[in-house]
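Pasting model-v8.tsv here (TSV, C-alpha atoms):
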chain	number	residue	atom	x	y	z
A	290	MET	CA	-30.20	-53.30	103.44
A	291	GLN	CA	-29.99	-52.82	107.17
A	292	ALA	CA	-26.22	-52.45	107.05
A	293	HIS	CA	-26.35	-49.78	104.31
A	294	SER	CA	-28.90	-47.62	106.16
A	295	GLY	CA	-26.28	-47.04	108.83
A	296	HIS	CA	-24.05	-45.04	106.46
A	297	TRP	CA	-26.32	-42.01	106.22
A	298	PRO	CA	-24.12	-39.73	108.40
A	299	ILE	CA	-21.17	-40.12	106.02
A	300	TRP	CA	-23.25	-39.39	102.95
A	301	ALA	CA	-25.03	-36.50	104.66
A	302	GLY	CA	-21.70	-35.07	105.80
A	303	PHE	CA	-20.22	-35.43	102.33
A	304	LEU	CA	-23.18	-33.68	100.68
A	305	LEU	CA	-23.25	-30.98	103.35
A	306	ARG	CA	-19.56	-30.33	102.78
A	307	TRP	CA	-20.21	-29.60	99.09
A	308	MET	CA	-23.21	-27.46	99.98
A	309	ALA	CA	-21.04	-25.46	102.39
A	310	LEU	CA	-18.40	-24.84	99.72
A	311	LEU	CA	-20.83	-24.02	96.91
A	312	SER	CA	-23.09	-21.84	99.04
A	313	SER	CA	-20.08	-19.65	99.82
A	314	CYS	CA	-19.78	-18.37	96.25
A	315	LEU	CA	-23.43	-18.79	95.21
A	316	ILE	CA	-25.38	-17.49	98.22
A	317	PHE	CA	-23.43	-16.19	101.20
A	318	VAL	CA	-21.12	-13.95	99.17
A	319	TRP	CA	-24.09	-11.68	98.39
A	320	PHE	CA	-24.65	-10.72	102.03
A	321	PRO	CA	-21.98	-8.75	103.94
A	322	VAL	CA	-22.95	-10.40	107.23
A	323	THR	CA	-22.01	-13.85	105.87
A	324	ARG	CA	-19.32	-12.67	103.44
A	325	ASP	CA	-17.01	-10.62	105.68
A	326	VAL	CA	-16.83	-13.37	108.30
A	327	PRO	CA	-17.84	-16.70	106.72
A	328	TRP	CA	-19.44	-18.02	109.91
A	329	ALA	CA	-22.29	-19.72	108.04
A	330	ASN	CA	-19.89	-21.71	105.85
A	331	LEU	CA	-17.72	-22.61	108.81
A	332	LEU	CA	-20.81	-23.74	110.73
A	333	LEU	CA	-21.92	-25.94	107.83
A	334	LEU	CA	-18.40	-27.33	107.43
A	335	GLY	CA	-18.28	-28.06	111.15
A	336	ILE	CA	-21.58	-29.95	111.01
A	337	ALA	CA	-20.38	-31.80	107.90
A	338	ALA	CA	-17.14	-32.81	109.62
A	339	ALA	CA	-19.09	-33.99	112.67
A	340	LEU	CA	-21.40	-36.07	110.49
A	341	VAL	CA	-18.47	-37.65	108.63
A	342	LEU	CA	-16.73	-38.38	111.92
A	343	MET	CA	-19.89	-39.92	113.31
A	344	GLY	CA	-20.28	-41.99	110.16
A	345	VAL	CA	-16.69	-43.22	110.36
A	346	ARG	CA	-17.14	-44.19	114.00
A	347	ARG	CA	-20.30	-46.10	113.14
A	348	ALA	CA	-18.55	-47.78	110.24
A	349	CYS	CA	-15.68	-48.77	112.51
A	350	ALA	CA	-17.98	-50.33	115.09
A	351	PRO	CA	-17.15	-54.03	115.71
A	352	GLU	CA	-20.47	-55.27	114.36
A	353	ARG	CA	-19.89	-53.53	111.02
A	354	PRO	CA	-18.34	-55.55	108.21
A	355	ARG	CA	-14.79	-54.65	107.15
A	356	ARG	CA	-16.05	-53.26	103.83
A	357	ALA	CA	-18.08	-50.60	105.64
A	358	THR	CA	-15.01	-49.60	107.67
A	359	SER	CA	-12.95	-49.22	104.51
A	360	ALA	CA	-15.67	-47.12	102.90
A	361	GLY	CA	-15.83	-44.85	105.92
A	362	VAL	CA	-12.09	-44.30	105.98
A	363	ALA	CA	-12.04	-43.72	102.20
A	364	MET	CA	-14.82	-41.13	102.47
A	365	CYS	CA	-13.00	-39.34	105.27
A	366	GLY	CA	-9.77	-39.33	103.24
A	367	GLY	CA	-11.64	-38.03	100.20
A	368	PHE	CA	-13.13	-35.25	102.33
A	369	VAL	CA	-9.70	-34.04	103.39
A	370	CYS	CA	-8.09	-34.46	99.96
A	371	ALA	CA	-10.89	-32.65	98.10
A	372	THR	CA	-10.75	-29.72	100.52
A	373	VAL	CA	-6.98	-29.39	100.20
A	374	MET	CA	-7.05	-29.81	96.41
A	375	LEU	CA	-9.66	-27.07	96.03
A	376	ALA	CA	-7.35	-24.67	97.83
A	377	ARG	CA	-4.41	-25.57	95.59
A	378	ARG	CA	-5.99	-24.79	92.26
A	379	LEU	CA	-3.64	-21.94	91.31
A	380	LEU	CA	-2.12	-22.11	87.86
A	381	ALA	CA	1.56	-21.38	87.32
A	382	SER	CA	2.44	-17.74	86.59
A	383	HIS	CA	4.98	-18.26	83.83
A	384	ARG	CA	4.90	-14.62	82.69
A	385	ALA	CA	5.41	-13.14	86.16
A	386	PRO	CA	8.42	-10.77	86.38
A	387	GLN	CA	11.69	-12.57	86.99
A	388	MET	CA	14.71	-11.44	88.97
A	389	GLY	CA	16.78	-8.95	86.99
A	390	GLN	CA	13.91	-7.84	84.76
A	391	LYS	CA	12.37	-4.39	84.82
A	392	ALA	CA	9.14	-4.37	86.80
A	393	PRO	CA	6.18	-3.33	84.62
A	394	ASP	CA	5.22	0.23	85.55
A	395	PHE	CA	1.64	0.97	86.51
A	396	ARG	CA	-0.60	3.74	87.72
A	397	LEU	CA	-3.26	2.87	90.30
A	398	SER	CA	-5.42	4.77	92.77
A	399	GLU	CA	-4.49	4.74	96.43
A	400	THR	CA	-7.08	4.77	99.23
A	401	HIS	CA	-8.02	8.44	98.72
A	402	GLY	CA	-8.43	7.98	94.98
A	403	THR	CA	-5.15	9.69	94.03
A	404	PRO	CA	-3.41	7.92	91.12
A	405	VAL	CA	0.17	6.91	91.86
A	406	SER	CA	2.71	5.14	89.65
A	407	LEU	CA	5.39	2.62	90.52
A	408	ALA	CA	8.06	5.17	89.51
A	409	GLU	CA	6.59	7.71	91.93
A	410	LEU	CA	6.49	5.11	94.73
A	411	LEU	CA	10.15	4.33	94.14
A	412	ALA	CA	11.14	8.01	94.24
A	413	ALA	CA	8.98	9.30	97.10
A	414	PRO	CA	10.81	9.45	100.46
A	415	VAL	CA	9.76	7.28	103.43
A	416	LYS	CA	10.23	9.09	106.76
A	417	GLY	CA	12.46	11.62	105.04
A	418	ARG	CA	14.69	9.05	103.35
A	419	VAL	CA	14.69	7.66	99.84
A	420	PRO	CA	13.46	4.05	100.06
A	421	LYS	CA	15.71	1.18	98.98
A	422	GLY	CA	12.86	-0.16	96.98
A	423	VAL	CA	9.26	-1.26	96.99
A	424	LEU	CA	7.67	-4.49	98.11
A	425	LEU	CA	4.62	-5.20	95.96
A	426	VAL	CA	2.19	-7.49	97.78
A	427	PHE	CA	-0.63	-8.87	95.66
A	428	TYR	CA	-3.58	-10.15	97.68
A	429	ALA	CA	-7.08	-11.36	96.96
A	430	GLY	CA	-8.95	-8.52	98.67
A	431	ALA	CA	-11.04	-7.88	101.72
A	432	TRP	CA	-13.74	-10.45	101.03
B	3	MET	CA	11.60	-0.34	101.79
B	4	ARG	CA	8.07	0.75	101.05
B	5	PRO	CA	5.41	-1.96	101.28
B	6	VAL	CA	2.64	-1.55	98.72
B	7	ALA	CA	-0.40	-3.83	98.67
B	8	ILE	CA	-2.45	-4.30	95.52
B	9	SER	CA	-5.92	-5.81	95.32
B	10	VAL	CA	-9.14	-5.50	93.32
B	11	ASP	CA	-10.83	-3.74	96.26
B	12	ALA	CA	-12.16	-0.25	95.63
B	13	PRO	CA	-10.15	2.62	97.20
B	14	GLU	CA	-12.91	3.39	99.72
B	15	SER	CA	-13.05	-0.26	100.76
B	16	SER	CA	-9.28	-0.32	101.33
B	17	ARG	CA	-9.49	3.00	103.19
B	18	THR	CA	-12.05	1.52	105.58
B	19	LEU	CA	-9.84	-1.52	106.05
B	20	CYS	CA	-6.83	0.68	106.86
B	21	GLN	CA	-8.81	2.79	109.31
B	22	LYS	CA	-10.12	-0.29	111.12
B	23	ALA	CA	-6.67	-1.88	111.34
B	24	GLY	CA	-4.76	1.36	112.00
B	25	ASP	CA	-2.60	0.50	109.01
B	26	THR	CA	-0.62	3.24	107.24
B	27	SER	CA	0.68	1.09	104.38
B	28	THR	CA	0.04	2.06	100.80
B	29	LEU	CA	-2.94	0.15	99.42
B	30	LEU	CA	-3.64	0.40	95.72
B	31	ALA	CA	-6.83	-0.46	93.87
B	32	ASP	CA	-6.67	-2.54	90.71
B	33	PRO	CA	-10.43	-3.07	90.24
B	34	HIS	CA	-10.18	-4.54	86.74
B	35	ALA	CA	-7.08	-6.65	87.57
B	36	GLY	CA	-5.15	-4.98	84.74
B	37	VAL	CA	-1.88	-4.73	86.65
B	38	MET	CA	-2.36	-8.24	88.04
B	39	ARG	CA	-2.72	-9.44	84.47
B	40	ARG	CA	0.50	-7.65	83.44
B	41	TYR	CA	2.30	-9.29	86.35
B	42	ASP	CA	0.58	-12.63	85.51
B	43	LEU	CA	-0.81	-12.85	89.03
B	44	VAL	CA	-4.52	-13.18	88.26
B	45	HIS	CA	-6.59	-15.74	90.11
B	46	ALA	CA	-9.40	-16.09	87.57
B	47	GLY	CA	-12.91	-16.01	88.99
B	48	ALA	CA	-11.74	-16.16	92.59
B	49	GLY	CA	-13.00	-12.75	93.66
B	50	ILE	CA	-16.35	-11.58	94.86
B	51	LYS	CA	-19.23	-12.56	92.53
B	52	GLY	CA	-16.82	-14.52	90.36
B	53	GLN	CA	-14.63	-11.56	89.39
B	54	ASP	CA	-10.91	-11.99	88.85
B	55	SER	CA	-8.68	-11.24	91.81
B	56	ALA	CA	-5.00	-11.59	92.69
B	57	ARG	CA	-3.23	-14.78	93.59
B	58	PRO	CA	-0.91	-14.35	96.57
B	59	GLY	CA	2.43	-13.00	95.40
B	60	GLU	CA	5.22	-10.71	96.51
B	61	CYS	CA	7.67	-8.82	94.32
B	62	TRP	CA	10.68	-6.82	95.53
B	63	VAL	CA	11.66	-3.92	93.24
B	64	ASP	CA	14.75	-1.77	93.78
B	65	VAL	CA	14.99	1.99	93.13
B	66	SER	CA	16.02	1.43	89.52
B	67	GLY	CA	12.76	-0.47	88.93
B	68	THR	CA	14.53	-3.82	88.66
B	69	VAL	CA	12.96	-6.92	90.19
B	70	ARG	CA	15.24	-8.25	92.96
B	71	GLY	CA	13.00	-11.02	94.25
B	72	VAL	CA	9.71	-12.78	93.61
B	73	ASN	CA	7.73	-15.06	95.89
B	74	LEU	CA	4.92	-17.10	94.40
B	75	THR	CA	3.02	-20.09	95.65
B	76	ASP	CA	0.74	-22.65	94.02
B	77	ASN	CA	-1.55	-22.64	97.06
B	78	SER	CA	-4.00	-19.81	97.66
B	79	TRP	CA	-3.74	-20.34	101.42
B	80	VAL	CA	0.03	-19.76	101.55
B	81	ARG	CA	1.65	-16.34	102.05
B	82	ALA	CA	5.28	-15.27	102.34
B	83	ARG	CA	6.81	-16.02	105.74
B	84	PRO	CA	8.52	-13.25	107.75
B	85	ASP	CA	11.96	-14.69	106.98
B	86	GLN	CA	11.18	-14.58	103.25
B	87	MET	CA	10.10	-10.95	103.61
B	88	LEU	CA	13.35	-10.08	105.38
B	89	ALA	CA	15.43	-11.96	102.82
B	90	GLY	CA	13.72	-10.03	100.04
B	91	ALA	CA	14.40	-6.74	101.82
B	92	GLN	CA	18.07	-7.71	102.24
B	93	ALA	CA	18.34	-8.26	98.49
B	94	LEU	CA	17.51	-4.59	97.94
B	95	ARG	CA	20.61	-3.41	99.79
Show this structure as structure tokens.
Amino acid sequence: MQAHSGHWPIWAGFLLRWMALLSSCLIFVWFPVTRDVPWANLLLLGIAAALVLMGVRRACAPERPRRATSAGVAMCGGFVCATVMLARRLLASHRAPQMGQKAPDFRLSETHGTPVSLAELLAAPVKGRVPKGVLLVFYAGAW
Amino acid sequence: MRPVAISVDAPESSRTLCQKAGDTSTLLADPHAGVMRRYDLVHAGAGIKGQDSARPGECWVDVSGTVRGVNLTDNSWVRARPDQMLAGAQALR
């Protein structure tokens, strides 16, 4: 029992990591001060990482049994893998336009609310010259 | 080549962003992700309050409206590198 009580930093860090990730979309996203710059999430993630690191160091101490060391390393590895995997959860875009196909036309509002189509963007001059084309950049948005 | 950025942000939100950054690029609002859906570039539930938003993606279109290059990634953290941007621009010539 005494040996197990020494693992609390790893478990606390692991739980805090999930709280930091979940609170981003459940709580902090509702407030501009924590949404525009996610300092609260980064702070929680930093504390979580410190706790996991502290737990791993404690688990690697010479008086700890080898099993505790392995558990600490496995938890740390899981921490990194889970974080990376969450960021890589994009599905394949099989129906995205391919080279040689016609780009689907659209009509969207620019920053002053004026609707503009892809055809108009391709025809309108840039600095007095007809552009060679258009680079469409899709991005998640300001948040 | 004219760069055009598309997101689910409202026009006024993008206008504020441009003013803060001193950016003169064309930013378009696709608040209901309709165009993103047509281009199959929706990142479901990834936007603010669980709304759909765009996955990172770049598409080069020449004056005839033909796609001359597409850059997609399976990682939401990854964007096109400068050399990929330049290569795409070269393909329009």
Quick one: residues within 6 Å of stretch 25-41 of chain B, all atoms listed in the file, excluding same-chain residues fewer than 3 positions away - as a ChimeraX atom specification?
/A:385,397-399 /B:6-13,20,44
Enclosing box along x, y and z for every listed atom of stretch 51-64 of chain B, padded 3 Å each side, centre and size in Å, one decimal, as lines of an AutoDock Vina configuration file:
center_x = -2.2
center_y = -8.3
center_z = 92.7
size_x = 40.0
size_y = 19.0
size_z = 13.7
- request: For A:Pro298, work out the shell of residues within 9 Å, counting only C-alpha atoms and skipping chain neighbours fewer than 2 positions away, then give it as a list of chain:residue names.
  value: A:Gly295, A:His296, A:Trp300, A:Ala301, A:Gly302, A:Phe303, A:Ala337, A:Ala339, A:Leu340, A:Val341, A:Leu342, A:Met343, A:Gly344, A:Val345, A:Arg347
Within 7 Å of chain A, which residues belong to chain B? Use all atoms listed in the file and report them as a short mmCIF file (atom, residue, chain, number, x, y, z; two decimals) with C-alpha atoms, keeping the file's coordinate frame.
data_model
loop_
_atom_site.label_atom_id
_atom_site.label_comp_id
_atom_site.auth_asym_id
_atom_site.auth_seq_id
_atom_site.Cartn_x
_atom_site.Cartn_y
_atom_site.Cartn_z
CA MET B 3 11.60 -0.34 101.79
CA ARG B 4 8.07 0.75 101.05
CA PRO B 5 5.41 -1.96 101.28
CA VAL B 6 2.64 -1.55 98.72
CA ALA B 7 -0.40 -3.83 98.67
CA ILE B 8 -2.45 -4.30 95.52
CA SER B 9 -5.92 -5.81 95.32
CA VAL B 10 -9.14 -5.50 93.32
CA ASP B 11 -10.83 -3.74 96.26
CA PRO B 13 -10.15 2.62 97.20
CA GLU B 14 -12.91 3.39 99.72
CA SER B 16 -9.28 -0.32 101.33
CA ARG B 17 -9.49 3.00 103.19
CA THR B 28 0.04 2.06 100.80
CA LEU B 29 -2.94 0.15 99.42
CA LEU B 30 -3.64 0.40 95.72
CA ALA B 31 -6.83 -0.46 93.87
CA ASP B 32 -6.67 -2.54 90.71
CA VAL B 37 -1.88 -4.73 86.65
CA TYR B 41 2.30 -9.29 86.35
CA ASP B 42 0.58 -12.63 85.51
CA LEU B 43 -0.81 -12.85 89.03
CA HIS B 45 -6.59 -15.74 90.11
CA GLY B 49 -13.00 -12.75 93.66
CA ILE B 50 -16.35 -11.58 94.86
CA LYS B 51 -19.23 -12.56 92.53
CA SER B 55 -8.68 -11.24 91.81
CA ALA B 56 -5.00 -11.59 92.69
CA ARG B 57 -3.23 -14.78 93.59
CA PRO B 58 -0.91 -14.35 96.57
CA GLY B 59 2.43 -13.00 95.40
CA GLU B 60 5.22 -10.71 96.51
CA CYS B 61 7.67 -8.82 94.32
CA TRP B 62 10.68 -6.82 95.53
CA VAL B 63 11.66 -3.92 93.24
CA ASP B 64 14.75 -1.77 93.78
CA VAL B 65 14.99 1.99 93.13
CA GLY B 67 12.76 -0.47 88.93
CA THR B 68 14.53 -3.82 88.66
CA VAL B 69 12.96 -6.92 90.19
CA ARG B 70 15.24 -8.25 92.96
CA GLY B 71 13.00 -11.02 94.25
CA VAL B 72 9.71 -12.78 93.61
CA ASP B 76 0.74 -22.65 94.02
CA ASN B 77 -1.55 -22.64 97.06
CA SER B 78 -4.00 -19.81 97.66
CA TRP B 79 -3.74 -20.34 101.42
CA LEU B 94 17.51 -4.59 97.94
CA ARG B 95 20.61 -3.41 99.79
#
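The space between atom CA of B:Gly90 and atom CA of B:Asn73 spans 8.9 Å.
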